[in-house]
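Visitor: File follows, protein_31.txt with compact mmCIF, C-alpha atoms:
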# COMPACT_ATOMS: atom_id res chain seq x y z
CA MET B 1099 0.00 0.00 0.00
CA LYS B 1100 1.24 3.46 -0.91
CA ASN B 1101 2.35 5.60 2.03
CA LYS B 1102 0.62 8.98 1.63
CA SER B 1103 3.21 10.77 3.77
CA GLU B 1104 6.01 9.94 1.32
CA ILE B 1105 6.70 12.86 -0.98
CA LEU B 1106 9.08 13.32 -3.87
CA VAL B 1107 9.55 16.96 -4.83
CA ASN B 1108 11.64 18.40 -7.62
CA ASN B 1109 12.99 21.74 -8.77
CA ILE B 1110 12.53 21.18 -12.51
CA VAL B 1111 10.58 24.43 -12.85
CA VAL B 1112 13.52 26.40 -11.36
CA LEU B 1113 16.10 24.64 -13.51
CA ARG B 1114 13.98 25.16 -16.60
CA ALA B 1115 13.66 28.86 -15.84
CA GLU B 1116 17.43 29.15 -15.26
CA ASN B 1117 18.02 27.63 -18.69
CA LYS B 1118 15.23 29.78 -20.23
CA TRP B 1119 13.68 26.63 -21.71
CA THR B 1120 10.00 26.18 -22.47
CA GLN B 1121 7.95 23.21 -21.28
CA LYS B 1122 7.60 22.24 -24.93
CA TYR B 1123 11.37 22.18 -25.42
CA VAL B 1124 11.93 20.10 -22.27
CA ALA B 1125 9.14 17.72 -23.32
CA GLU B 1126 10.71 17.25 -26.77
CA GLN B 1127 14.15 16.62 -25.28
CA LEU B 1128 12.77 14.05 -22.85
CA GLY B 1129 10.46 12.42 -25.38
CA VAL B 1130 7.34 13.03 -23.30
CA THR B 1131 4.30 15.29 -23.63
CA ARG B 1132 4.05 18.83 -22.27
CA GLN B 1133 1.35 17.61 -19.88
CA THR B 1134 3.91 15.23 -18.38
CA VAL B 1135 6.41 18.06 -17.87
CA HIS B 1136 3.70 20.16 -16.25
CA SER B 1137 2.65 17.30 -13.94
CA LEU B 1138 6.28 16.78 -12.95
CA GLU B 1139 6.79 20.48 -12.25
CA ALA B 1140 3.63 20.58 -10.17
CA ASN B 1141 4.87 17.52 -8.24
CA LYS B 1142 1.69 15.70 -9.21
CA TYR B 1143 3.54 12.85 -10.84
CA ASN B 1144 6.61 10.83 -9.81
CA PRO B 1145 8.68 9.92 -12.86
CA SER B 1146 10.09 6.49 -13.58
CA LEU B 1147 13.78 6.01 -12.80
CA ILE B 1148 14.56 6.11 -16.52
CA LEU B 1149 12.80 9.46 -16.95
CA ALA B 1150 14.49 10.79 -13.81
CA PHE B 1151 17.90 9.91 -15.30
CA LYS B 1152 16.92 11.58 -18.59
CA ILE B 1153 15.94 14.72 -16.65
CA SER B 1154 19.21 14.61 -14.73
CA LYS B 1155 21.17 14.30 -18.00
CA LEU B 1156 19.22 17.09 -19.67
CA PHE B 1157 19.89 19.59 -16.89
CA GLY B 1158 23.42 18.31 -16.25
CA LYS B 1159 22.71 17.71 -12.55
CA GLU B 1160 22.79 14.74 -10.22
CA ILE B 1161 19.39 13.16 -9.58
CA ASN B 1162 19.43 14.15 -5.90
CA GLU B 1163 20.11 17.76 -6.89
CA ILE B 1164 16.81 17.73 -8.78
CA PHE B 1165 14.66 15.40 -6.70
CA THR B 1166 14.26 15.42 -2.92
CA TYR B 1167 12.55 12.63 -1.04
CA TYR B 1168 10.62 13.31 2.20
CA GLU B 1169 9.04 10.76 4.55
CA MET J 1211 7.59 -3.64 -17.59
CA LYS J 1212 6.70 -6.18 -20.25
CA SER J 1213 3.03 -7.05 -20.53
CA TRP J 1214 0.69 -7.96 -23.38
CA ILE J 1215 -1.42 -4.92 -22.47
CA SER J 1216 1.41 -2.61 -23.63
CA PHE J 1217 -0.03 -2.41 -27.15
CA LEU J 1218 -3.09 -0.65 -25.71
CA LEU J 1219 -1.05 1.92 -23.80
CA PRO J 1220 0.37 5.29 -24.91
CA ASP J 1221 4.15 5.78 -25.19
CA ASP J 1222 4.22 8.75 -22.82
CA GLU J 1223 4.72 7.37 -19.29
CA TYR J 1224 2.39 9.86 -17.53
CA LYS J 1225 -0.42 9.04 -19.97
CA GLU J 1226 0.44 5.35 -19.71
CA LYS J 1227 0.10 5.42 -15.92
CA ARG J 1228 -3.22 7.26 -16.06
CA VAL J 1229 -4.66 4.89 -18.67
CA LEU J 1230 -3.53 1.92 -16.56
CA TYR J 1231 -5.42 3.41 -13.61
CA PHE J 1232 -8.54 3.78 -15.79
CA PHE J 1233 -8.28 0.13 -16.85
CA ALA J 1234 -7.71 -1.01 -13.26
CA GLU J 1235 -10.64 1.07 -11.94
CA GLY J 1236 -12.80 -0.27 -14.79
CA GLY J 1237 -11.76 -3.83 -13.90
CA ILE J 1238 -12.72 -3.39 -10.23
CA LEU J 1239 -16.06 -1.84 -11.24
CA LEU J 1240 -16.62 -4.75 -13.59
CA LEU J 1241 -15.98 -7.16 -10.70
CA PHE J 1242 -18.49 -5.31 -8.49
CA THR J 1243 -21.02 -5.30 -11.33
CA LEU J 1244 -20.64 -9.04 -11.83
CA VAL J 1245 -20.98 -9.72 -8.08
CA GLY J 1246 -24.05 -7.44 -8.01
CA LEU J 1247 -25.59 -9.25 -10.98
CA LEU J 1248 -24.84 -12.62 -9.35
CA ILE J 1249 -26.69 -11.54 -6.19
CA LEU J 1250 -29.56 -10.06 -8.20
CA ASN J 1251 -29.85 -13.30 -10.13
CA ASN J 1252 -31.04 -15.01 -6.93
CA TYR J 1253 -34.04 -12.66 -6.71
CA PHE J 1254 -34.81 -11.83 -10.34
CA HIS J 1255 -34.44 -13.89 -13.44
CA LEU J 1256 -31.74 -12.15 -15.45
CA ASP J 1257 -31.32 -12.86 -19.10
CA ALA J 1258 -27.68 -14.00 -19.57
CA GLU J 1259 -27.14 -11.90 -22.69
CA THR J 1260 -28.46 -8.73 -21.02
CA ALA J 1261 -26.34 -9.32 -17.93
CA LEU J 1262 -23.18 -9.88 -19.98
CA LEU J 1263 -23.86 -6.82 -22.15
CA MET J 1264 -24.41 -4.73 -19.02
CA ALA J 1265 -21.08 -5.85 -17.57
CA ILE J 1266 -19.25 -5.08 -20.82
CA ALA J 1267 -21.00 -1.70 -21.07
CA VAL J 1268 -20.00 -0.75 -17.51
CA PHE J 1269 -16.34 -1.44 -18.27
CA LEU J 1270 -16.29 0.23 -21.69
CA ILE J 1271 -18.30 3.30 -20.66
CA TYR J 1272 -16.19 3.80 -17.54
CA VAL J 1273 -12.79 3.48 -19.24
CA THR J 1274 -13.78 5.50 -22.33
CA GLY J 1275 -15.51 8.13 -20.19
CA ARG J 1276 -12.55 8.58 -17.86
CA TYR J 1277 -10.13 8.81 -20.79
CA THR J 1278 -12.34 11.27 -22.68
CA LEU J 1279 -12.87 13.52 -19.68
CA SER J 1280 -9.25 13.41 -18.51
CA GLY J 1281 -8.10 15.69 -21.34
CA ILE J 1282 -4.94 13.67 -21.99
CA GLU J 1283 -5.70 12.58 -25.55
CA TYR J 1284 -4.70 15.68 -27.53
CA THR J 1285 -1.58 16.81 -25.71
CA ASP J 1286 -0.36 19.23 -28.39
CA ILE J 1287 -3.58 21.20 -28.95
CA ALA J 1288 -3.08 24.51 -27.15
CA THR J 1289 -3.85 27.20 -29.75
CA VAL J 1290 -7.09 28.23 -31.51
CA GLY J 1291 -5.57 27.30 -34.88
CA ALA J 1292 -4.54 23.81 -33.77
CA TYR J 1293 -7.94 23.32 -32.11
CA SER J 1294 -9.86 24.26 -35.28
CA LYS J 1295 -7.60 22.04 -37.41
CA GLU J 1296 -8.13 19.07 -35.09
CA LEU J 1297 -11.89 19.69 -35.01
CA ARG J 1298 -11.94 19.57 -38.82
CA HIS J 1299 -9.93 16.34 -38.64
CA ILE J 1300 -12.49 14.85 -36.21
CA MET J 1301 -15.34 15.83 -38.57
CA PHE J 1302 -13.48 14.18 -41.45
CA LYS J 1303 -12.88 11.04 -39.36
CA THR J 1304 -16.58 10.91 -38.40
CA SER J 1305 -17.64 11.28 -42.06
CA SER J 1306 -15.17 8.56 -43.09
CA PHE J 1307 -16.50 6.29 -40.36
CA ALA J 1308 -20.09 6.86 -41.55
CA GLY J 1309 -19.07 6.26 -45.18
CA ILE J 1310 -17.20 3.03 -44.40
CA PHE J 1311 -20.04 1.84 -42.14
CA ILE J 1312 -22.72 2.29 -44.82
CA LEU J 1313 -20.44 0.79 -47.49
CA LEU J 1314 -19.72 -2.32 -45.40
CA TYR J 1315 -23.42 -2.64 -44.59
CA LEU J 1316 -24.37 -2.50 -48.27
CA VAL J 1317 -21.63 -4.99 -49.23
CA PHE J 1318 -22.19 -7.59 -46.47
CA ILE J 1319 -25.87 -7.20 -45.54
CA GLY J 1320 -27.21 -5.81 -48.81
CA VAL J 1321 -29.35 -2.87 -49.86
CA PRO J 1322 -32.28 -2.32 -47.45
CA SER J 1323 -35.47 -3.48 -49.12
CA SER J 1324 -38.07 -1.50 -47.19
CA GLN J 1325 -38.48 1.98 -45.75
CA ASN J 1326 -38.30 0.53 -42.22
CA GLU J 1327 -34.95 -1.11 -42.93
CA TRP J 1328 -33.63 2.21 -44.28
CA ILE J 1329 -34.82 3.97 -41.12
CA ASP J 1330 -33.14 1.29 -38.99
CA ILE J 1331 -29.79 1.53 -40.74
CA ILE J 1332 -29.82 5.34 -40.84
CA GLY J 1333 -30.81 5.42 -37.17
CA ILE J 1334 -27.90 3.16 -36.19
CA LEU J 1335 -25.55 5.19 -38.40
CA VAL J 1336 -26.62 8.50 -36.85
CA VAL J 1337 -26.34 7.19 -33.28
CA PHE J 1338 -22.88 5.68 -33.81
CA SER J 1339 -21.57 8.69 -35.75
CA LEU J 1340 -22.90 11.07 -33.13
CA PHE J 1341 -21.34 8.99 -30.35
CA TRP J 1342 -18.02 8.86 -32.23
CA PHE J 1343 -18.06 12.60 -32.89
CA LEU J 1344 -19.12 13.60 -29.37
CA THR J 1345 -16.50 11.42 -27.65
CA ASN J 1346 -13.75 12.91 -29.80
CA TYR J 1347 -15.14 16.44 -29.51
CA ILE J 1348 -15.40 16.30 -25.69
CA SER J 1349 -11.92 14.81 -25.46
CA LEU J 1350 -10.54 17.57 -27.71
CA LYS J 1351 -12.35 20.29 -25.77
CA ARG J 1352 -11.06 18.96 -22.42
CA SER J 1353 -7.52 18.56 -23.76
CA TYR J 1354 -7.55 22.07 -25.26
CA LYS J 1355 -8.78 23.57 -21.97
CA LYS J 1356 -6.16 21.67 -19.99
CA ASN J 1357 -3.33 22.55 -22.40
CA LYS J 1358 -4.32 26.23 -22.45
CA GLU J 1359 -4.12 26.32 -18.66
CA LEU J 1360 -0.58 24.94 -18.86
CA LEU J 1361 0.61 27.70 -21.20
Please, can you express the file's structure as structure tokens?
Guide:
Amino acid sequence: MKNKSEILVNNIVVLRAENKWTQKYVAEQLGVTRQTVHSLEANKYNPSLILAFKISKLFGKEINEIFTYYE
Amino acid sequence: MKSWISFLLPDDEYKEKRVLYFFAEGGILLLFTLVGLLILNNYFHLDAETALLMAIAVFLIYVTGRYTLSGIEYTDIATVGAYSKELRHIMFKTSSFAGIFILLYLVFIGVPSSQNEWIDIIGILVVFSLFWFLTNYISLKRSYKKNKELL
């Protein structure tokens, strides 16, 4: 059963703004839809490990610099 | 994850996860419907065909309805121009569907011989085309609204 108190937050929106990239651009680079990028930015969706690595590679950051896990 | 259901799922992982939830929810509802029908069968005589059709309808209506209303089908439609273009495409698809339907009917069933048969076939055609168009239209409208909010 999923623990509701577990939260994974990310700073994709900040990193995207720093790079002056649009959601569309990020979506194209990651091979996902813009809705997915928006859901990630709004912390409404936890990405798969593969997508998390793609995000990490795109922004040139370590995964734990982008994602933070809270219990 | 490898599963035979993959061919029914979108490539985008967020959409894939949502569609999987819709299927799972539909499956649970289907189970409840079947249990409900089984209990009802002890009190009322249920025609097997009707009961089976009801169960199938519950699953299909739920999954299609959730997908249509979720606004995740047309992920790239965010401008008026793209919306109008897609709407025209939906109208074309509906017309093609109606054309193919009537053609297949004429080829496999034959030309209706009486006025009543014509009314029947046109009635079915109108209902199915309208259903097809409305599902796509609502899905487009919801997707457009959602995508506009993301801009």
Visitor: Please check the contacts: residues of chain J at most 12 Å away from chain B, using all atoms listed in the file, listed as a list in words.
Guide: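 Here is what falls inside 12 Å: Met1211, Pro1220, Asp1221, Asp1222, Glu1223, Tyr1224, Lys1225, Glu1226, Lys1227, Arg1228, Ser1280, Gly1281, Ile1282, Glu1283, Tyr1284, Thr1285, Asp1286, Ile1287, Ala1288, Ser1353, Tyr1354, Lys1355, Lys1356, Asn1357, Lys1358, Glu1359, Leu1360 and Leu1361 of chain J.
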Visitor: Could the residues in this selection be written to a file with C-alpha atoms, as a PDB file, in the coordinates of the input?
Guide:
ATOM      1  CA  MET J1211       7.590  -3.640 -17.590  1.00  0.00           C
ATOM      2  CA  PRO J1220       0.370   5.290 -24.910  1.00  0.00           C
ATOM      3  CA  ASP J1221       4.150   5.780 -25.190  1.00  0.00           C
ATOM      4  CA  ASP J1222       4.220   8.750 -22.820  1.00  0.00           C
ATOM      5  CA  GLU J1223       4.720   7.370 -19.290  1.00  0.00           C
ATOM      6  CA  TYR J1224       2.390   9.860 -17.530  1.00  0.00           C
ATOM      7  CA  LYS J1225      -0.420   9.040 -19.970  1.00  0.00           C
ATOM      8  CA  GLU J1226       0.440   5.350 -19.710  1.00  0.00           C
ATOM      9  CA  LYS J1227       0.100   5.420 -15.920  1.00  0.00           C
ATOM     10  CA  ARG J1228      -3.220   7.260 -16.060  1.00  0.00           C
ATOM     11  CA  SER J1280      -9.250  13.410 -18.510  1.00  0.00           C
ATOM     12  CA  GLY J1281      -8.100  15.690 -21.340  1.00  0.00           C
ATOM     13  CA  ILE J1282      -4.940  13.670 -21.990  1.00  0.00           C
ATOM     14  CA  GLU J1283      -5.700  12.580 -25.550  1.00  0.00           C
ATOM     15  CA  TYR J1284      -4.700  15.680 -27.530  1.00  0.00           C
ATOM     16  CA  THR J1285      -1.580  16.810 -25.710  1.00  0.00           C
ATOM     17  CA  ASP J1286      -0.360  19.230 -28.390  1.00  0.00           C
ATOM     18  CA  ILE J1287      -3.580  21.200 -28.950  1.00  0.00           C
ATOM     19  CA  ALA J1288      -3.080  24.510 -27.150  1.00  0.00           C
ATOM     20  CA  SER J1353      -7.520  18.560 -23.760  1.00  0.00           C
ATOM     21  CA  TYR J1354      -7.550  22.070 -25.260  1.00  0.00           C
ATOM     22  CA  LYS J1355      -8.780  23.570 -21.970  1.00  0.00           C
ATOM     23  CA  LYS J1356      -6.160  21.670 -19.990  1.00  0.00           C
ATOM     24  CA  ASN J1357      -3.330  22.550 -22.400  1.00  0.00           C
ATOM     25  CA  LYS J1358      -4.320  26.230 -22.450  1.00  0.00           C
ATOM     26  CA  GLU J1359      -4.120  26.320 -18.660  1.00  0.00           C
ATOM     27  CA  LEU J1360      -0.580  24.940 -18.860  1.00  0.00           C
ATOM     28  CA  LEU J1361       0.610  27.700 -21.200  1.00  0.00           C
TER      29      LEU J1361
END
Visitor: Rounded to one decimal in Å, what is the spacing between atom CA of B:Lys1118 and atom CA of B:Ile1148?
Guide: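 Distance reported for this atom pair: 24.0 Å.
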Visitor: In Å, how far is it from atom CA of J:Phe1302 to atom CA of J:Trp1342?
Guide: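 Calculated distance between atom CA of J:Phe1302 and atom CA of J:Trp1342 is 11.6 Å.
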Visitor: For atom CA of B:Thr1166 and atom CA of B:Asn1109, quote the distance in Å rounded to one decimal.
Guide: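 According to the coordinates, atom CA of B:Thr1166 and atom CA of B:Asn1109 are separated by 8.7 Å.
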Visitor: With distances taken over all atoms listed in the file, which residue among B:Val1111, B:Ser1154, B:Tyr1123, B:Tyr1168 lies nearest B:Glu1139?
Guide: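 Going through B:Val1111, B:Ser1154, B:Tyr1123, B:Tyr1168 one by one, the smallest distance to B:Glu1139 is for B:Val1111.
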Visitor: Counting all atoms listed in the file, which of J:Thr1243, J:Arg1276, J:Asn1252, J:Trp1214 gets nearest to J:Tyr1231?
Guide: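 That would be J:Arg1276, the residue with the smallest distance to J:Tyr1231.
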Visitor: Counting only C-alpha atoms, which residues come within 12 Å of (17.6, 17.4, -14.7), with the point read in the file's coordinates, and could you list them as a PDB file with C-alpha atoms, in the frame of the given file?
Guide:
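result03.pdb, written as the output of this step:
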ATOM      1  CA  ASN B1108      11.640  18.400  -7.620  1.00  0.00           C
ATOM      2  CA  ASN B1109      12.990  21.740  -8.770  1.00  0.00           C
ATOM      3  CA  ILE B1110      12.530  21.180 -12.510  1.00  0.00           C
ATOM      4  CA  VAL B1111      10.580  24.430 -12.850  1.00  0.00           C
ATOM      5  CA  VAL B1112      13.520  26.400 -11.360  1.00  0.00           C
ATOM      6  CA  LEU B1113      16.100  24.640 -13.510  1.00  0.00           C
ATOM      7  CA  ARG B1114      13.980  25.160 -16.600  1.00  0.00           C
ATOM      8  CA  GLU B1116      17.430  29.150 -15.260  1.00  0.00           C
ATOM      9  CA  ASN B1117      18.020  27.630 -18.690  1.00  0.00           C
ATOM     10  CA  VAL B1124      11.930  20.100 -22.270  1.00  0.00           C
ATOM     11  CA  GLN B1127      14.150  16.620 -25.280  1.00  0.00           C
ATOM     12  CA  LEU B1128      12.770  14.050 -22.850  1.00  0.00           C
ATOM     13  CA  VAL B1135       6.410  18.060 -17.870  1.00  0.00           C
ATOM     14  CA  LEU B1138       6.280  16.780 -12.950  1.00  0.00           C
ATOM     15  CA  GLU B1139       6.790  20.480 -12.250  1.00  0.00           C
ATOM     16  CA  PRO B1145       8.680   9.920 -12.860  1.00  0.00           C
ATOM     17  CA  ILE B1148      14.560   6.110 -16.520  1.00  0.00           C
ATOM     18  CA  LEU B1149      12.800   9.460 -16.950  1.00  0.00           C
ATOM     19  CA  ALA B1150      14.490  10.790 -13.810  1.00  0.00           C
ATOM     20  CA  PHE B1151      17.900   9.910 -15.300  1.00  0.00           C
ATOM     21  CA  LYS B1152      16.920  11.580 -18.590  1.00  0.00           C
ATOM     22  CA  ILE B1153      15.940  14.720 -16.650  1.00  0.00           C
ATOM     23  CA  SER B1154      19.210  14.610 -14.730  1.00  0.00           C
ATOM     24  CA  LYS B1155      21.170  14.300 -18.000  1.00  0.00           C
ATOM     25  CA  LEU B1156      19.220  17.090 -19.670  1.00  0.00           C
ATOM     26  CA  PHE B1157      19.890  19.590 -16.890  1.00  0.00           C
ATOM     27  CA  GLY B1158      23.420  18.310 -16.250  1.00  0.00           C
ATOM     28  CA  LYS B1159      22.710  17.710 -12.550  1.00  0.00           C
ATOM     29  CA  GLU B1160      22.790  14.740 -10.220  1.00  0.00           C
ATOM     30  CA  ILE B1161      19.390  13.160  -9.580  1.00  0.00           C
ATOM     31  CA  ASN B1162      19.430  14.150  -5.900  1.00  0.00           C
ATOM     32  CA  GLU B1163      20.110  17.760  -6.890  1.00  0.00           C
ATOM     33  CA  ILE B1164      16.810  17.730  -8.780  1.00  0.00           C
ATOM     34  CA  PHE B1165      14.660  15.400  -6.700  1.00  0.00           C
TER      35      PHE B1165
END
Visitor: Looking at all atoms listed in the file, which of J:Thr1278, J:Phe1254, J:Ser1305, J:Leu1270 is the one that sits closest to J:Thr1345?
Guide: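 Selected residue with least distance to J:Thr1345: J:Thr1278.
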Visitor: Please output stretch 1131-1147 of chain B, rebuilt to include N, CA and C atoms, as an mmCIF file, in the coordinates of the input.
Guide:
data_model
loop_
_atom_site.group_PDB
_atom_site.id
_atom_site.type_symbol
_atom_site.label_atom_id
_atom_site.label_comp_id
_atom_site.auth_asym_id
_atom_site.auth_seq_id
_atom_site.Cartn_x
_atom_site.Cartn_y
_atom_site.Cartn_z
ATOM 1 N N THR B 1131 5.205 14.213 -23.247
ATOM 2 C CA THR B 1131 4.300 15.290 -23.630
ATOM 3 C C THR B 1131 4.471 16.473 -22.667
ATOM 4 N N ARG B 1132 3.950 17.628 -23.109
ATOM 5 C CA ARG B 1132 4.050 18.830 -22.270
ATOM 6 C C ARG B 1132 3.239 18.646 -20.979
ATOM 7 N N GLN B 1133 2.165 17.880 -21.078
ATOM 8 C CA GLN B 1133 1.350 17.610 -19.880
ATOM 9 C C GLN B 1133 2.174 16.851 -18.830
ATOM 10 N N THR B 1134 3.056 15.977 -19.317
ATOM 11 C CA THR B 1134 3.910 15.230 -18.380
ATOM 12 C C THR B 1134 4.870 16.180 -17.680
ATOM 13 N N VAL B 1135 5.473 17.089 -18.458
ATOM 14 C CA VAL B 1135 6.410 18.060 -17.870
ATOM 15 C C VAL B 1135 5.681 18.919 -16.836
ATOM 16 N N HIS B 1136 4.470 19.344 -17.180
ATOM 17 C CA HIS B 1136 3.700 20.160 -16.250
ATOM 18 C C HIS B 1136 3.385 19.380 -14.969
ATOM 19 N N SER B 1137 2.972 18.124 -15.120
ATOM 20 C CA SER B 1137 2.650 17.300 -13.940
ATOM 21 C C SER B 1137 3.865 17.087 -13.060
ATOM 22 N N LEU B 1138 5.040 16.940 -13.713
ATOM 23 C CA LEU B 1138 6.280 16.780 -12.950
ATOM 24 C C LEU B 1138 6.581 18.062 -12.182
ATOM 25 N N GLU B 1139 6.486 19.194 -12.878
ATOM 26 C CA GLU B 1139 6.790 20.480 -12.250
ATOM 27 C C GLU B 1139 5.855 20.783 -11.081
ATOM 28 N N ALA B 1140 4.612 20.336 -11.235
ATOM 29 C CA ALA B 1140 3.630 20.580 -10.170
ATOM 30 C C ALA B 1140 3.709 19.516 -9.072
ATOM 31 N N ASN B 1141 4.693 18.626 -9.186
ATOM 32 C CA ASN B 1141 4.870 17.520 -8.240
ATOM 33 C C ASN B 1141 3.625 16.640 -8.105
ATOM 34 N N LYS B 1142 2.897 16.525 -9.236
ATOM 35 C CA LYS B 1142 1.690 15.700 -9.210
ATOM 36 C C LYS B 1142 1.996 14.293 -9.724
ATOM 37 N N TYR B 1143 3.194 14.131 -10.245
ATOM 38 C CA TYR B 1143 3.540 12.850 -10.840
ATOM 39 C C TYR B 1143 5.000 12.514 -10.542
ATOM 40 N N ASN B 1144 5.248 11.297 -10.051
ATOM 41 C CA ASN B 1144 6.610 10.830 -9.810
ATOM 42 C C ASN B 1144 7.120 10.096 -11.038
ATOM 43 N N PRO B 1145 8.220 10.560 -11.621
ATOM 44 C CA PRO B 1145 8.680 9.920 -12.860
ATOM 45 C C PRO B 1145 9.286 8.548 -12.612
ATOM 46 N N SER B 1146 9.395 7.773 -13.682
ATOM 47 C CA SER B 1146 10.090 6.490 -13.580
ATOM 48 C C SER B 1146 11.573 6.810 -13.401
ATOM 49 N N LEU B 1147 12.343 5.805 -13.001
ATOM 50 C CA LEU B 1147 13.780 6.010 -12.800
ATOM 51 C C LEU B 1147 14.454 6.397 -14.118
#
